[in-house]
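Chemist: Got a file for you: target.txt, compact mmCIF, C-alpha atoms.
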# COMPACT_ATOMS: atom_id res chain seq x y z
CA MET A 1204 9.67 -0.14 -16.69
CA ALA A 1205 6.58 1.97 -17.01
CA ILE A 1206 4.59 4.53 -15.12
CA ARG A 1207 1.06 3.24 -14.71
CA GLN A 1208 -2.13 5.25 -14.36
CA ILE A 1209 -3.20 5.61 -10.73
CA ARG A 1210 -6.88 4.94 -10.20
CA ILE A 1211 -8.73 7.72 -8.37
CA MET A 1212 -11.44 7.45 -5.69
CA GLY A 1213 -14.73 6.73 -7.43
CA ASP A 1214 -13.16 4.04 -9.64
CA ASP A 1215 -14.98 0.78 -8.78
CA ILE A 1216 -11.76 -1.26 -8.79
CA LEU A 1217 -10.67 0.49 -5.57
CA ASN A 1218 -13.65 -1.04 -3.74
CA LYS A 1219 -12.98 -4.65 -4.75
CA GLU A 1220 -11.33 -7.51 -2.88
CA CYS A 1221 -7.97 -8.53 -4.37
CA LYS A 1222 -7.02 -12.11 -5.17
CA PRO A 1223 -3.99 -13.80 -3.58
CA VAL A 1224 -0.96 -14.32 -5.80
CA LYS A 1225 -0.31 -18.02 -6.46
CA GLU A 1226 3.00 -17.62 -8.28
CA MET A 1227 5.28 -14.78 -9.30
CA THR A 1228 5.05 -14.70 -13.08
CA PRO A 1229 7.26 -12.48 -15.27
CA ARG A 1230 4.21 -10.27 -15.79
CA LEU A 1231 3.70 -9.82 -12.03
CA ALA A 1232 7.43 -9.19 -11.51
CA GLU A 1233 7.16 -6.41 -14.10
CA LEU A 1234 4.09 -5.09 -12.25
CA VAL A 1235 6.14 -4.83 -9.03
CA GLU A 1236 8.84 -2.80 -10.82
CA ASP A 1237 6.21 -0.59 -12.48
CA MET A 1238 4.54 -0.05 -9.09
CA PHE A 1239 7.80 1.25 -7.59
CA ASP A 1240 8.35 3.52 -10.62
CA THR A 1241 4.77 4.80 -10.44
CA MET A 1242 4.97 5.36 -6.68
CA TYR A 1243 8.24 7.31 -6.95
CA GLU A 1244 6.96 9.38 -9.87
CA ALA A 1245 3.93 10.37 -7.76
CA ASN A 1246 6.04 11.02 -4.61
CA GLY A 1247 4.23 8.31 -2.67
CA VAL A 1248 5.49 6.03 0.09
CA GLY A 1249 3.23 3.08 -0.75
CA LEU A 1250 1.18 1.67 -3.59
CA ALA A 1251 -1.18 -1.28 -3.79
CA ALA A 1252 -1.88 -3.17 -7.02
CA PRO A 1253 -5.57 -2.15 -7.23
CA GLN A 1254 -4.43 1.48 -7.37
CA VAL A 1255 -2.99 0.69 -10.79
CA GLY A 1256 -5.97 -1.42 -11.81
CA ILE A 1257 -4.72 -4.90 -10.89
CA LEU A 1258 -6.78 -6.94 -8.40
CA LYS A 1259 -3.85 -8.85 -6.90
CA GLN A 1260 -2.53 -8.80 -3.33
CA ILE A 1261 0.70 -6.91 -4.05
CA ILE A 1262 2.03 -3.84 -2.21
CA THR A 1263 5.18 -1.75 -2.65
CA ILE A 1264 6.44 0.54 0.13
CA ASP A 1265 9.44 2.84 0.57
CA VAL A 1266 9.45 5.04 3.68
CA ASP A 1267 13.04 6.29 3.23
CA ASP A 1268 14.51 3.82 5.73
CA GLY A 1269 16.93 2.39 3.16
CA ASN A 1270 14.63 -0.49 2.22
CA GLN A 1271 12.16 -1.19 -0.55
CA TYR A 1272 9.38 -3.43 0.70
CA VAL A 1273 7.41 -5.81 -1.48
CA LEU A 1274 4.47 -7.44 0.29
CA VAL A 1275 2.72 -10.22 -1.59
CA ASN A 1276 -0.34 -11.74 0.10
CA PRO A 1277 0.34 -9.78 3.31
CA GLU A 1278 -1.35 -10.80 6.54
CA ILE A 1279 -1.28 -8.68 9.69
CA LEU A 1280 -0.52 -11.01 12.61
CA GLU A 1281 -0.29 -8.52 15.49
CA GLU A 1282 -1.08 -4.87 16.17
CA SER A 1283 -0.22 -2.80 19.23
CA GLY A 1284 -0.18 0.80 20.39
CA THR A 1285 -1.78 3.69 18.55
CA GLN A 1286 -0.64 6.66 16.52
CA SER A 1287 -2.71 9.45 15.05
CA GLY A 1288 -1.49 11.57 12.20
CA GLN A 1289 -2.06 13.03 8.77
CA GLU A 1290 -2.56 10.52 6.03
CA ALA A 1291 -2.94 10.95 2.30
CA CYS A 1292 -3.32 8.62 -0.67
CA LEU A 1293 -2.27 8.68 -4.31
CA SER A 1294 -5.84 7.60 -5.15
CA VAL A 1295 -7.29 10.61 -3.30
CA PRO A 1296 -5.20 13.45 -4.76
CA GLY A 1297 -5.05 16.84 -3.08
CA LYS A 1298 -6.59 15.64 0.20
CA SER A 1299 -5.42 14.46 3.61
CA GLY A 1300 -6.95 13.65 6.95
CA VAL A 1301 -6.16 12.47 10.46
CA VAL A 1302 -6.25 8.70 10.90
CA THR A 1303 -5.48 6.59 13.97
CA ARG A 1304 -3.56 3.40 13.25
CA PRO A 1305 -1.55 0.85 15.24
CA ASN A 1306 1.95 2.10 16.13
CA HIS A 1307 3.38 -1.42 15.78
CA VAL A 1308 2.45 -4.28 13.46
CA LYS A 1309 3.83 -7.72 12.76
CA ILE A 1310 3.06 -9.14 9.34
CA ARG A 1311 3.65 -12.25 7.29
CA ALA A 1312 4.05 -11.84 3.55
CA TYR A 1313 5.96 -13.07 0.53
CA ASP A 1314 8.65 -11.07 -1.23
CA GLU A 1315 8.97 -10.58 -4.99
CA TYR A 1316 10.54 -14.07 -5.27
CA MET A 1317 7.61 -15.64 -3.36
CA GLU A 1318 9.86 -16.31 -0.37
CA PRO A 1319 7.88 -16.04 2.89
CA TYR A 1320 9.02 -13.61 5.57
CA GLU A 1321 7.81 -11.86 8.68
CA LEU A 1322 8.34 -8.19 9.41
CA GLU A 1323 7.81 -6.08 12.50
CA ALA A 1324 7.22 -2.40 11.78
CA ASP A 1325 6.72 0.75 13.82
CA GLU A 1326 5.45 4.28 13.23
CA LEU A 1327 5.45 5.38 9.55
CA LEU A 1328 6.18 1.90 8.17
CA ALA A 1329 3.41 0.39 10.34
CA ARG A 1330 1.02 3.13 9.14
CA ALA A 1331 1.95 2.52 5.49
CA ILE A 1332 1.49 -1.24 5.82
CA CYS A 1333 -1.97 -0.85 7.39
CA HIS A 1334 -3.00 1.77 4.80
CA GLU A 1335 -1.88 -0.35 1.84
CA CYS A 1336 -3.32 -3.61 3.23
CA GLU A 1337 -6.73 -1.95 3.40
CA HIS A 1338 -6.49 -1.24 -0.35
CA LEU A 1339 -6.27 -5.01 -0.93
CA HIS A 1340 -9.66 -5.40 0.72
CA GLY A 1341 -11.41 -2.57 -1.13
CA HIS A 1342 -11.06 0.17 1.49
CA LEU A 1343 -9.66 3.70 1.32
CA TYR A 1344 -8.30 5.70 4.24
CA VAL A 1345 -11.10 8.24 3.86
CA GLU A 1346 -13.37 5.71 5.59
CA ARG A 1347 -11.24 6.15 8.75
CA VAL A 1348 -10.63 9.91 8.70
CA GLU A 1349 -11.39 11.63 11.99
CA GLY A 1350 -13.07 14.92 11.22
CA GLU A 1351 -12.92 16.45 7.77
CA LEU A 1352 -10.73 15.76 4.76
CA MET A 1353 -8.46 18.74 4.19
CA ASP A 1354 -7.02 20.19 1.00
CA VAL A 1355 -3.30 19.68 0.57
CA GLU A 1356 -1.03 22.18 -1.15
CA GLU A 1357 0.76 20.63 -4.12
CA GLU A 1358 4.54 20.62 -3.68
CA ASP A 1359 6.84 21.45 -6.58
Turn this file's structure into structure tokens for me.
Modeler:
Amino acid sequence: MAIRQIRIMGDDILNKECKPVKEMTPRLAELVEDMFDTMYEANGVGLAAPQVGILKQIITIDVDDGNQYVLVNPEILEESGTQSGQEACLSVPGKSGVVTRPNHVKIRAYDEYMEPYELEADELLARAICHECEHLHGHLYVERVEGELMDVEEED
């Protein structure tokens, strides 16, 4: 497995639409593993493929609920409720801002074996799913920030 370079805001790839995955190749399976490694190394809770320079609809998420989520070709089916809170992004280092998102989402996606599944998520997991899905369509959370972006203290 490998740690990949995280693309930073200003990199054109972060503003591009990602292509759906047609089949899980060995190369894409390796990408999924590398994405988890890269996300953990950077202390993130989610990572989308364009953040490591790959324009494919693949997301990895781990919100410390005991599960590792792989979302391939995710589609948000339902949203309800609202939550507002601090959000940050590995592609926007050292910054955070308040963003309002749905408190509950229902999605359809494929796992790393291209098996379809549906998932209902609340609170942090719902926020992470919405945040990462926007990456697949060329959007960063800074477009949704209410008020100003704030500097974040680096944790050791």
Chemist: Could you name the residues that touch stretch 1309-1312 of chain A at 7 Å or less, counting only C-alpha atoms, but leaving out those on the same chain fewer than 5 positions away, as a short mmCIF file (atom, residue, chain, number, x, y, z; two decimals) with C-alpha atoms, in the coordinates of the input?
Modeler:
data_model
loop_
_atom_site.label_atom_id
_atom_site.label_comp_id
_atom_site.auth_asym_id
_atom_site.auth_seq_id
_atom_site.Cartn_x
_atom_site.Cartn_y
_atom_site.Cartn_z
CA LEU A 1274 4.47 -7.44 0.29
CA VAL A 1275 2.72 -10.22 -1.59
CA ASN A 1276 -0.34 -11.74 0.10
CA PRO A 1277 0.34 -9.78 3.31
CA GLU A 1278 -1.35 -10.80 6.54
CA ILE A 1279 -1.28 -8.68 9.69
CA LEU A 1280 -0.52 -11.01 12.61
CA GLU A 1281 -0.29 -8.52 15.49
CA GLU A 1282 -1.08 -4.87 16.17
CA PRO A 1319 7.88 -16.04 2.89
CA TYR A 1320 9.02 -13.61 5.57
CA GLU A 1321 7.81 -11.86 8.68
CA LEU A 1322 8.34 -8.19 9.41
CA GLU A 1323 7.81 -6.08 12.50
CA ALA A 1324 7.22 -2.40 11.78
#
Chemist: Quick one: residues within 12 Å of stretch 1230-1235 of chain A, all atoms listed in the file counted, chain neighbours fewer than 2 positions away excluded, as a PyMOL selection string?
Modeler: chain A and resi 1204-1207+1224-1228+1237-1242+1249-1264+1271-1275+1314-1317
Chemist: Taking into account only C-alpha atoms, which residue in the set A:Asp1267, A:Glu1220, A:Glu1349, A:Glu1356 is nearest to A:Ser1287?
Modeler: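 Between A:Asp1267, A:Glu1220, A:Glu1349, A:Glu1356, the residue approaching A:Ser1287 most closely is A:Glu1349.
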Chemist: To one decimal place in Å, what is the distance between atom CA of A:Leu1327 and atom CA of A:Asn1306?
Modeler: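 About the pair atom CA of A:Leu1327 and atom CA of A:Asn1306: they are 8.1 Å apart.
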Chemist: What lies within 8 Å of stretch 1291-1296 of chain A using all atoms listed in the file, ignoring chain neighbours under 6 positions off, as a list of chain:residue names?
Modeler: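 Final neighbour list, sorted by chain and number: A:Ile1209, A:Arg1210, A:Ile1211, A:Met1212, A:Ala1245, A:Gly1247, A:Leu1250, A:Gln1254, A:Tyr1344.
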Chemist: Closest to A:His1340 among A:Asn1270, A:Thr1303, A:Asn1218, A:Gln1208, using all atoms listed in the file?
Modeler: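 Between A:Asn1270, A:Thr1303, A:Asn1218, A:Gln1208, the residue approaching A:His1340 most closely is A:Asn1218.
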Chemist: Please measure the separation of atom CA of A:Tyr1243 and atom CA of A:Glu1335, giving the value in Å to one decimal.
Modeler: 15.4 Å
Chemist: Report, in Å with one decimal, the straight-line distance from atom CA of A:Ile1332 to atom CA of A:Val1345.
Modeler: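 We find that atom CA of A:Ile1332 and atom CA of A:Val1345 lie 15.9 Å from each other.
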Chemist: Can you give me N, CA, C and O atoms for stretch 1234-1254 of chain A, written as a compact mmCIF listing (two decimals), in the frame of the given file?
Modeler:
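As a result, rebuild.txt now contains:
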# COMPACT_ATOMS: atom_id res chain seq x y z
N LEU A 1234 5.05 -5.92 -12.98
CA LEU A 1234 4.09 -5.09 -12.25
C LEU A 1234 4.74 -4.50 -11.00
O LEU A 1234 4.59 -3.30 -10.73
N VAL A 1235 5.48 -5.32 -10.25
CA VAL A 1235 6.14 -4.83 -9.03
C VAL A 1235 7.10 -3.68 -9.38
O VAL A 1235 7.10 -2.63 -8.72
N GLU A 1236 7.91 -3.86 -10.41
CA GLU A 1236 8.84 -2.80 -10.82
C GLU A 1236 8.08 -1.55 -11.26
O GLU A 1236 8.46 -0.43 -10.89
N ASP A 1237 7.02 -1.73 -12.03
CA ASP A 1237 6.21 -0.59 -12.48
C ASP A 1237 5.57 0.11 -11.28
O ASP A 1237 5.44 1.35 -11.28
N MET A 1238 5.16 -0.66 -10.27
CA MET A 1238 4.54 -0.05 -9.09
C MET A 1238 5.54 0.85 -8.36
O MET A 1238 5.19 1.95 -7.93
N PHE A 1239 6.79 0.39 -8.21
CA PHE A 1239 7.80 1.25 -7.59
C PHE A 1239 8.01 2.52 -8.42
O PHE A 1239 8.03 3.63 -7.90
N ASP A 1240 8.15 2.36 -9.75
CA ASP A 1240 8.35 3.52 -10.62
C ASP A 1240 7.19 4.50 -10.52
O ASP A 1240 7.38 5.71 -10.42
N THR A 1241 5.97 3.97 -10.52
CA THR A 1241 4.77 4.80 -10.44
C THR A 1241 4.69 5.52 -9.09
O THR A 1241 4.40 6.72 -9.03
N MET A 1242 5.00 4.79 -8.03
CA MET A 1242 4.97 5.36 -6.68
C MET A 1242 5.99 6.49 -6.54
O MET A 1242 5.67 7.56 -6.03
N TYR A 1243 7.21 6.27 -7.04
CA TYR A 1243 8.24 7.31 -6.95
C TYR A 1243 7.87 8.53 -7.80
O TYR A 1243 8.05 9.67 -7.37
N GLU A 1244 7.35 8.29 -8.98
CA GLU A 1244 6.96 9.38 -9.87
C GLU A 1244 5.90 10.26 -9.22
O GLU A 1244 5.87 11.47 -9.40
N ALA A 1245 5.02 9.64 -8.41
CA ALA A 1245 3.93 10.37 -7.76
C ALA A 1245 4.30 10.84 -6.34
O ALA A 1245 3.44 11.36 -5.63
N ASN A 1246 5.56 10.64 -5.95
CA ASN A 1246 6.04 11.02 -4.61
C ASN A 1246 5.26 10.34 -3.49
O ASN A 1246 4.97 10.94 -2.46
N GLY A 1247 4.92 9.07 -3.70
CA GLY A 1247 4.23 8.31 -2.67
C GLY A 1247 5.18 7.46 -1.86
O GLY A 1247 6.34 7.27 -2.24
N VAL A 1248 4.69 6.94 -0.73
CA VAL A 1248 5.49 6.03 0.09
C VAL A 1248 4.98 4.59 -0.01
O VAL A 1248 5.64 3.67 0.44
N GLY A 1249 3.79 4.42 -0.59
CA GLY A 1249 3.23 3.08 -0.75
C GLY A 1249 2.26 3.04 -1.91
O GLY A 1249 1.70 4.06 -2.30
N LEU A 1250 2.11 1.85 -2.49
CA LEU A 1250 1.18 1.67 -3.59
C LEU A 1250 0.70 0.22 -3.57
O LEU A 1250 1.50 -0.70 -3.38
N ALA A 1251 -0.59 0.05 -3.73
CA ALA A 1251 -1.18 -1.28 -3.79
C ALA A 1251 -1.64 -1.55 -5.23
O ALA A 1251 -2.06 -0.63 -5.93
N ALA A 1252 -1.56 -2.81 -5.64
CA ALA A 1252 -1.88 -3.17 -7.02
C ALA A 1252 -3.24 -2.65 -7.51
O ALA A 1252 -3.34 -2.21 -8.66
N PRO A 1253 -4.30 -2.66 -6.69
CA PRO A 1253 -5.57 -2.15 -7.23
C PRO A 1253 -5.51 -0.67 -7.60
O PRO A 1253 -6.28 -0.21 -8.43
N GLN A 1254 -4.56 0.06 -7.02
CA GLN A 1254 -4.43 1.48 -7.37
C GLN A 1254 -3.94 1.68 -8.80
O GLN A 1254 -4.07 2.76 -9.35
